[in-house]
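What follows is a short report on a single structure.
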Amino acid sequence: MKLEELLAGVDERTLGKELFDCVADLYPICRSITGEGVRETLARLARLVPLSVHEVPSGTTAFDWTVPNEWNIRDAYVKDIHGQRVVDFQRSNLHVVSYSAPICRRMPLSELRPHLHALPDRPDWIPYRTTYYTDGWGFCVSQRQLDALPDGDYDVCIDASLRPGSLTYGEAYVRGASEEEVLISCHVCHPSLANDNLSGVAIAAHLARRLRDVSPRYSYRFLFVPATIGPIVWLARNESIVPVIRYGLVLAGLGDAGRLTYKKSRRGDTSIDRAATRVLRRLGEPKVLEFSPDGYDERQYGSPGFDLAVGRLSRTPYGDYPEYHTSADNLEFVKPAQLAASLAACLEIFSALEGDRRYVNTCPKGEPQLGKRGLYHAMGGSPQSPASERAMLWVLNLSDGRYGLLDIAERSGLGFEDIERAATVLHAHGLLKVAP
Amino acid sequence: MKLEELLAGVDERTLGKELFDCVADLYPICRSITGEGVRETLARLARLVPLSVHEVPSGTTAFDWTVPNEWNIRDAYVKDIHGQRVVDFQRSNLHVVSYSAPICRRMPLSELRPHLHALPDRPDWIPYRTTYYTDGWGFCVSQRQLDALPDGDYDVCIDASLRPGSLTYGEAYVRGASEEEVLISCHVCHPSLANDNLSGVAIAAHLARRLRDVSPRYSYRFLFVPATIGPIVWLARNESIVPVIRYGLVLAGLGDAGRLTYKKSRRGDTSIDRAATRVLRRLGEPKVLEFSPDGYDERQYGSPGFDLAVGRLSRTPYGDYPEYHTSADNLEFVKPAQLAASLAACLEIFSALEGDRRYVNTCPKGEPQLGKRGLYHAMGGSPQSPASERAMLWVLNLSDGRYGLLDIAERSGLGFEDIERAATVLHAHGLLKVAP
Amino acid sequence: MKLEELLAGVDERTLGKELFDCVADLYPICRSITGEGVRETLARLARLVPLSVHEVPSGTTAFDWTVPNEWNIRDAYVKDIHGQRVVDFQRSNLHVVSYSAPICRRMPLSELRPHLHALPDRPDWIPYRTTYYTDGWGFCVSQRQLDALPDGDYDVCIDASLRPGSLTYGEAYVRGASEEEVLISCHVCHPSLANDNLSGVAIAAHLARRLRDVSPRYSYRFLFVPATIGPIVWLARNESIVPVIRYGLVLAGLGDAGRLTYKKSRRGDTSIDRAATRVLRRLGEPKVLEFSPDGYDERQYGSPGFDLAVGRLSRTPYGDYPEYHTSADNLEFVKPAQLAASLAACLEIFSALEGDRRYVNTCPKGEPQLGKRGLYHAMGGSPQSPASERAMLWVLNLSDGRYGLLDIAERSGLGFEDIERAATVLHAHGLLKVAP
């Protein structure tokens, strides 16, 4: 089966439900950049697709970074003087600032107050906060919770451990005809947040699962990594693989109601940039952002020492929706149909990448005689030639080794499928050879 | 006489009549890509300008192509059972599909019907159709003719021959100071169609005739060739000439009422592209198209193995007027004044090409002192210097070997004539030398 | 003290008055391209800032030019038959065409008339005219004066001398850390015209004076030269210095009420072009002109043999205000506040130039861990990171040796100060090194 046929028989509703169920399954788990939550997440994904799980010991260095101690949490709360849990980790894992140091102490509100984080503008939402590389601790609460706390003493408990252990990440590899790779990366370090980034995680896992059913041109590598430290550790351990990474895509925030947004790779004019732009254009008004060194893990793949052709696919950009990094990024916020459409867009981008080649016209002086090969209309004189013939003429004319099929599609204004089909036919007739 | 003075004393009305008479003279001849019609056409053009006529035997290969058998036609008709010619080649040579195989047989309408071509939307017009490289035959009729045919038997006769012979093309060469060439190409393979391309043929012949009266900088080569196979045969037989072809222009469809349209060469930024754009801009709102590998014989000159700087000059592009390739492209459709203006535009483009040179400022450090050479106003202080002086400053400043005069005209916003005049004066004073 | 702190404690009103007083002090002097007026002007500037004054003998050649005889004038008038001075050099030095040959003769109005220059559209203004490199003579008068002259004889006297002497120019040099230079050039050859160019002269002198109080990165060279012949002579005598001139600015017409206008260097995309554009944008709607080879002395610095990165800073361009080169360009026409703001803009441009460097990220694989250096927020999860952090990420990401800080500011959309500050911090932490 070819990559572009992957979704041929698939009902969009079924696909959306599959992806949503995957998100819902992972939603309750308390994840951070290390710890059991990541392990449990990878274990569940491994039921969908074969995953190699890697454990990198605390203290391991990776470029400028060091793998931190492993953080695990069992329970956490703030109790009032009546023993009532006024903040309770069991009700939402967002209530604890991720990587909080353990604490168990009674203190007055005045001492506790600086450790409580809320969103005054969104009084019912709990924010998501982290404190990975410092010794702090804290709780995230809704503004209403905060306002309801009377003065007085509170029992504050974070039953967490922060000890040497390891950083965990997962990797799925789909071998293609070439050892050249497309890298798909998503972050698995957020607790109960649905769009950011269980949407990306579910789509990546299902892409990996489905790509195993086809024989792709490129090999596909899927990384399920904690943000920032994850790709840095992976890059440091796999520098020898970097040269075969031709293209890549960071997947994040793909389930909300917004339209698809592509953020260009640092180089900005690579085939994946062309392919993604073209696919988004086909799907409607394209929203394409220039590269910037903030955002998700495209920051690391696009650092100047690697400068990989890795873009990012999202729906609403992360700074543009208020639910981002709050308890409102919940299961209601992600839509099955949007998940399904995001996955389909990924496949369409991969399909364009797979189809994009540079050819050389073997018959470059004048046009080859297409008619004698049955490739041209027999009856001449009509003012309009069909798109299939114009596509052949474009491919022949621009196949001088400089232009790939995506370029040719862009310059001709024809559909990529027409151009690709023309190239296939011409190649079969010996009129094109693959450019060196 | 200099090229730009060629039309100085010429009345536009006289010129228009000359060109129109040439079109009208050639109009009745039944031409195809080979055969007596082309020979007769070239023989008449040879009365205007010395032509070398070339005969290339059937079976000769040219790159991927082979010269086909020669086609000639004496008569053709469809007779009803009363012996009445209901379709008659003697009334219009468009009635026979060009290169139809000979046939002489009685058949019922049901068998004849698939061989009849009409235009339902234009019930009075006869379409123009060809079947060069297949064994078919057919008739083109108006929709009214078609609708009027009762069921029953018809005598179908195409008294044509399709046998080894030769392909005929003509060539006119005007020697200039340099062996570097400007190539002008037009197709001579259409039967009674006036705009496409007797307009181009007439203009090319008259350009060749007039250029013989001047001493141009470049040599000019005019090709009167059947479409597609013609330039391919010429290129294959003249590969050694290709390196001296600096620029070129395909002329087609230059007599209709529309405004001039220039289609860029494949490279798109050569001097002829600049020159033609500039001339069209001077004539009003310029209509300039990007290169595409469909259309007329610019396809062959712009194939990747040659990539010649050959653009195309037309009026309304061929797909944009309904009369194209129908009997409505007749003598009423072409206008003497439009023909004359097209020829004048060609000369203006050639004149810009001839004037375009790269110079090197011989005095590049600071401005040379123009005043002591009498080239600068004696009285200083006025806020505005005349265009002639600004033109000198621009030419001096940009003549570092990278920019030609057309570039300088573009960047300065000044007229090409001002820039060219400034360069001539500065060159005469030794302040410029021709760039190597 | 750093360059950007120069104006920290300075009251704009005081600065404006200083500059205006300088203009007013120089205004009455009759200057030309040679002679005592220039010497006197330079002598007064030397009280503000150490100047080296150069005398270049008449007859000295400089590229295509020759230093002319020195012109000095003591008196000039036109007297009517009653001995009344109807045109009087003592009332305005604009009344004599600069470089007029001496004359002392009675003549009828009909003979005098061709030597009288006026502005019919501006009947009260006296134009400014010159006749440097010819033997002519003439008077400039208001149209009202001209109209009031009755027929009859007049005593015409220009008590001037035109003899071998020298051309005088001044030079101030402020040594910086690097021998690489920023060249500031202004013309000192106009008589009583305030905006053109005593505004530029005063600003250049005060810039030189103030820059001596700081330790700039670049060395700054200020040229006070007669227009055209001045920079040509300077360039011819200082060709060995040219290679160290990195950037430059011609200052002219900086005191009128219009907004600042920057005219780009011939190359158009150098750091000074970026810096000036950015500063003008910060000050409001920027008015930026492309290079053209007419105008002020940027013509000479931008001649193809030098092609220096020298732009021009003005307010209203010289052709766009009617007072230009007339008696209406007087002390009322220049505004102290505009002079002060122009000087401040120059310093801001210099400051951007000084701050613009190319760095190389010493930690280019992935991001360096800013948190462990205290450079990153401890609490994660907020959607918006502060500009200071985004600036660090941009500088790290683009510091691959190709981009300078001005480029990075442009691409990031962040303020240059943010980018520069980020680079300073990162450099201090060893995360950047200066690009070779």
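Labels used: A, B, ... for chains in the order of the structure tokens, numbers from 1 for residues in each chain, and numbers from 1 for ligands as shown.
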
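Look at Arg246 (chain B): the protein and nucleic acid residues within 8 Å of it, using only C-alpha atoms and passing over chain neighbours fewer than 3 places away, are Glu180, Glu181, Val182, Pro243, Leu308 and Ala309 of chain B.
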
Self-check item: Residues of chain B within 7 Å of chain C, counting only C-alpha atoms, as number ranges by chain
Solution: B: 364-369, 378-381, 383-384, 390, 393-394, 397-398, 400

Restrict the selected residues to N, CA and C atoms and save them as an mmCIF file, in the first residue's frame.
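Output contents, as saved in selection-v1.cif:
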data_model
loop_
_atom_site.group_PDB
_atom_site.id
_atom_site.type_symbol
_atom_site.label_atom_id
_atom_site.label_comp_id
_atom_site.auth_asym_id
_atom_site.auth_seq_id
_atom_site.Cartn_x
_atom_site.Cartn_y
_atom_site.Cartn_z
ATOM 1 N N PRO B 364 36.634 55.909 -12.206
ATOM 2 C CA PRO B 364 35.625 55.466 -11.234
ATOM 3 C C PRO B 364 35.775 56.066 -9.839
ATOM 4 N N LYS B 365 36.866 56.786 -9.591
ATOM 5 C CA LYS B 365 37.072 57.308 -8.241
ATOM 6 C C LYS B 365 36.589 58.740 -8.173
ATOM 7 N N GLY B 366 35.451 58.947 -7.503
ATOM 8 C CA GLY B 366 34.807 60.245 -7.554
ATOM 9 C C GLY B 366 34.210 60.429 -8.943
ATOM 10 N N GLU B 367 33.454 61.521 -9.096
ATOM 11 C CA GLU B 367 32.938 61.800 -10.438
ATOM 12 C C GLU B 367 34.043 62.368 -11.309
ATOM 13 N N PRO B 368 34.027 62.065 -12.600
ATOM 14 C CA PRO B 368 34.911 62.820 -13.492
ATOM 15 C C PRO B 368 34.377 64.252 -13.603
ATOM 16 N N GLN B 369 35.265 65.170 -13.958
ATOM 17 C CA GLN B 369 34.828 66.570 -14.044
ATOM 18 C C GLN B 369 34.165 66.807 -15.392
ATOM 19 N N ALA B 378 27.168 75.316 -16.677
ATOM 20 C CA ALA B 378 28.219 76.201 -16.181
ATOM 21 C C ALA B 378 27.774 76.913 -14.911
ATOM 22 N N MET B 379 26.509 77.231 -14.826
ATOM 23 C CA MET B 379 26.005 77.995 -13.689
ATOM 24 C C MET B 379 25.453 77.034 -12.639
ATOM 25 N N GLY B 380 26.048 77.019 -11.453
ATOM 26 C CA GLY B 380 25.611 76.100 -10.410
ATOM 27 C C GLY B 380 24.584 76.714 -9.492
ATOM 28 N N GLY B 381 23.926 75.858 -8.721
ATOM 29 C CA GLY B 381 23.054 76.343 -7.661
ATOM 30 C C GLY B 381 21.588 76.013 -7.837
ATOM 31 N N PRO B 383 18.227 73.943 -8.067
ATOM 32 C CA PRO B 383 17.922 72.672 -7.387
ATOM 33 C C PRO B 383 17.777 71.488 -8.347
ATOM 34 N N GLN B 384 17.348 71.716 -9.564
ATOM 35 C CA GLN B 384 17.092 70.597 -10.467
ATOM 36 C C GLN B 384 18.118 70.567 -11.588
ATOM 37 N N ARG B 390 21.574 64.028 -15.165
ATOM 38 C CA ARG B 390 21.313 62.934 -14.228
ATOM 39 C C ARG B 390 21.587 61.596 -14.901
ATOM 40 N N LEU B 393 25.242 60.959 -14.738
ATOM 41 C CA LEU B 393 25.676 60.557 -13.393
ATOM 42 C C LEU B 393 25.283 59.106 -13.113
ATOM 43 N N TRP B 394 24.086 58.710 -13.533
ATOM 44 C CA TRP B 394 23.657 57.323 -13.312
ATOM 45 C C TRP B 394 24.544 56.349 -14.095
ATOM 46 N N ASN B 397 27.890 56.149 -12.476
ATOM 47 C CA ASN B 397 27.878 55.507 -11.162
ATOM 48 C C ASN B 397 27.678 54.002 -11.250
ATOM 49 N N LEU B 398 26.837 53.550 -12.165
ATOM 50 C CA LEU B 398 26.531 52.110 -12.212
ATOM 51 C C LEU B 398 27.376 51.341 -13.220
ATOM 52 N N ASP B 400 30.020 49.713 -13.507
ATOM 53 C CA ASP B 400 31.122 49.015 -12.852
ATOM 54 C C ASP B 400 31.274 47.616 -13.451
#

Practice problem: Please identify all polymer residues within 9 Å of Asp273 (chain B), counting only C-alpha atoms, omitting same-chain residues fewer than 2 positions from it, and present them as a ChimeraX atom specification. | Solution: /B:262-265,267-271,275-278,309-311

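Those residues that approach Leu6 (chain A) to within 9 Å, counting only C-alpha atoms, are A:Met1, A:Arg210, A:Leu211, A:Asp213, A:Val214, A:Leu347; same-chain residues fewer than 5 positions away are not listed.
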
Write the residues of the preceding selection, restricted to N, CA and C atoms, as a short mmCIF file (atom, residue, chain, number, x, y, z; two decimals), in the first residue's frame.
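See selection.cif below for the written result:
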data_model
loop_
_atom_site.label_atom_id
_atom_site.label_comp_id
_atom_site.auth_asym_id
_atom_site.auth_seq_id
_atom_site.Cartn_x
_atom_site.Cartn_y
_atom_site.Cartn_z
N MET A 1 0.85 -1.19 0.00
CA MET A 1 0.00 0.00 0.00
C MET A 1 0.89 1.24 0.00
N ARG A 210 0.11 3.46 11.72
CA ARG A 210 -0.40 3.33 10.36
C ARG A 210 0.73 3.27 9.33
N LEU A 211 1.77 4.00 9.56
CA LEU A 211 2.86 4.00 8.57
C LEU A 211 3.51 2.60 8.47
N ASP A 213 1.99 0.04 8.02
CA ASP A 213 1.24 -0.73 7.02
C ASP A 213 1.65 -0.43 5.59
N VAL A 214 2.50 0.56 5.41
CA VAL A 214 2.89 0.92 4.05
C VAL A 214 4.39 0.78 3.90
N LEU A 347 -0.30 13.13 7.12
CA LEU A 347 -0.07 12.13 6.07
C LEU A 347 0.04 12.79 4.71
#

Quiz item: To one decimal place, how far is CA of Ile29 (chain C) from CA of Glu171 (chain C) in Å?
Solution: 19.7 Å

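Residues within 8 Å of region 279-282 of chain A, counting only C-alpha atoms and excluding same-chain residues fewer than 6 positions away, are Leu260, Thr261, Tyr262, Ala345, Glu348 and Ile349 of chain A.
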
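Proximity to region 108-113 of chain C at 7 Å, evaluated using only C-alpha atoms and with sequence-adjacent residues fewer than 4 positions away removed, yields Asp151, Gly152, Asp153 and Tyr154 of chain C.
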
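Reported to one decimal place, the separation of CA of Ser185 (chain C) from CA of Ser58 (chain C) is 22.2 Å.
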
Might you pull out every residue within 9 Å of Leu15 (chain C), with only C-alpha atoms counted and same-chain residues fewer than 5 positions away left off, and present them as a compact mmCIF listing (two decimals) with all heavy atoms, in the first residue's frame?
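In the end it all went to around.txt:
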# COMPACT_ATOMS: atom_id res chain seq x y z
N VAL C 10 21.89 65.80 29.13
CA VAL C 10 21.86 67.03 28.35
C VAL C 10 20.42 67.49 28.10
O VAL C 10 19.59 66.73 27.63
CB VAL C 10 22.59 66.83 27.01
CG1 VAL C 10 22.54 68.09 26.17
CG2 VAL C 10 24.03 66.40 27.26
N PHE C 20 22.35 76.17 17.46
CA PHE C 20 21.84 77.34 16.74
C PHE C 20 22.85 78.48 16.81
O PHE C 20 23.10 79.17 15.82
CB PHE C 20 20.49 77.77 17.31
CG PHE C 20 19.89 78.91 16.55
CD1 PHE C 20 19.16 78.67 15.39
CD2 PHE C 20 20.09 80.22 16.97
CE1 PHE C 20 18.64 79.73 14.66
CE2 PHE C 20 19.56 81.28 16.24
CZ PHE C 20 18.84 81.04 15.09
N PRO C 336 16.21 75.49 16.54
CA PRO C 336 17.11 74.86 17.53
C PRO C 336 16.69 73.44 17.89
O PRO C 336 17.53 72.55 17.95
CB PRO C 336 16.99 75.81 18.73
CG PRO C 336 16.66 77.15 18.13
CD PRO C 336 15.82 76.85 16.93
N ALA C 337 15.40 73.21 18.08
CA ALA C 337 14.96 71.87 18.50
C ALA C 337 15.23 70.84 17.41
O ALA C 337 15.56 69.69 17.70
CB ALA C 337 13.47 71.89 18.85
N LEU C 339 17.67 71.01 15.20
CA LEU C 339 19.12 70.77 15.20
C LEU C 339 19.48 69.77 16.29
O LEU C 339 20.24 68.83 16.06
CB LEU C 339 19.86 72.09 15.43
CG LEU C 339 19.77 73.12 14.30
CD1 LEU C 339 20.27 74.48 14.78
CD2 LEU C 339 20.57 72.66 13.07
N ALA C 340 18.92 69.98 17.48
CA ALA C 340 19.23 69.09 18.60
C ALA C 340 18.76 67.67 18.30
O ALA C 340 19.48 66.69 18.55
CB ALA C 340 18.56 69.61 19.88
N LEU C 343 21.12 65.97 15.85
CA LEU C 343 22.35 65.49 16.47
C LEU C 343 22.09 64.22 17.29
O LEU C 343 22.85 63.25 17.23
CB LEU C 343 22.95 66.59 17.35
CG LEU C 343 24.27 66.23 18.04
CD1 LEU C 343 25.20 67.44 18.12
CD2 LEU C 343 24.04 65.67 19.45
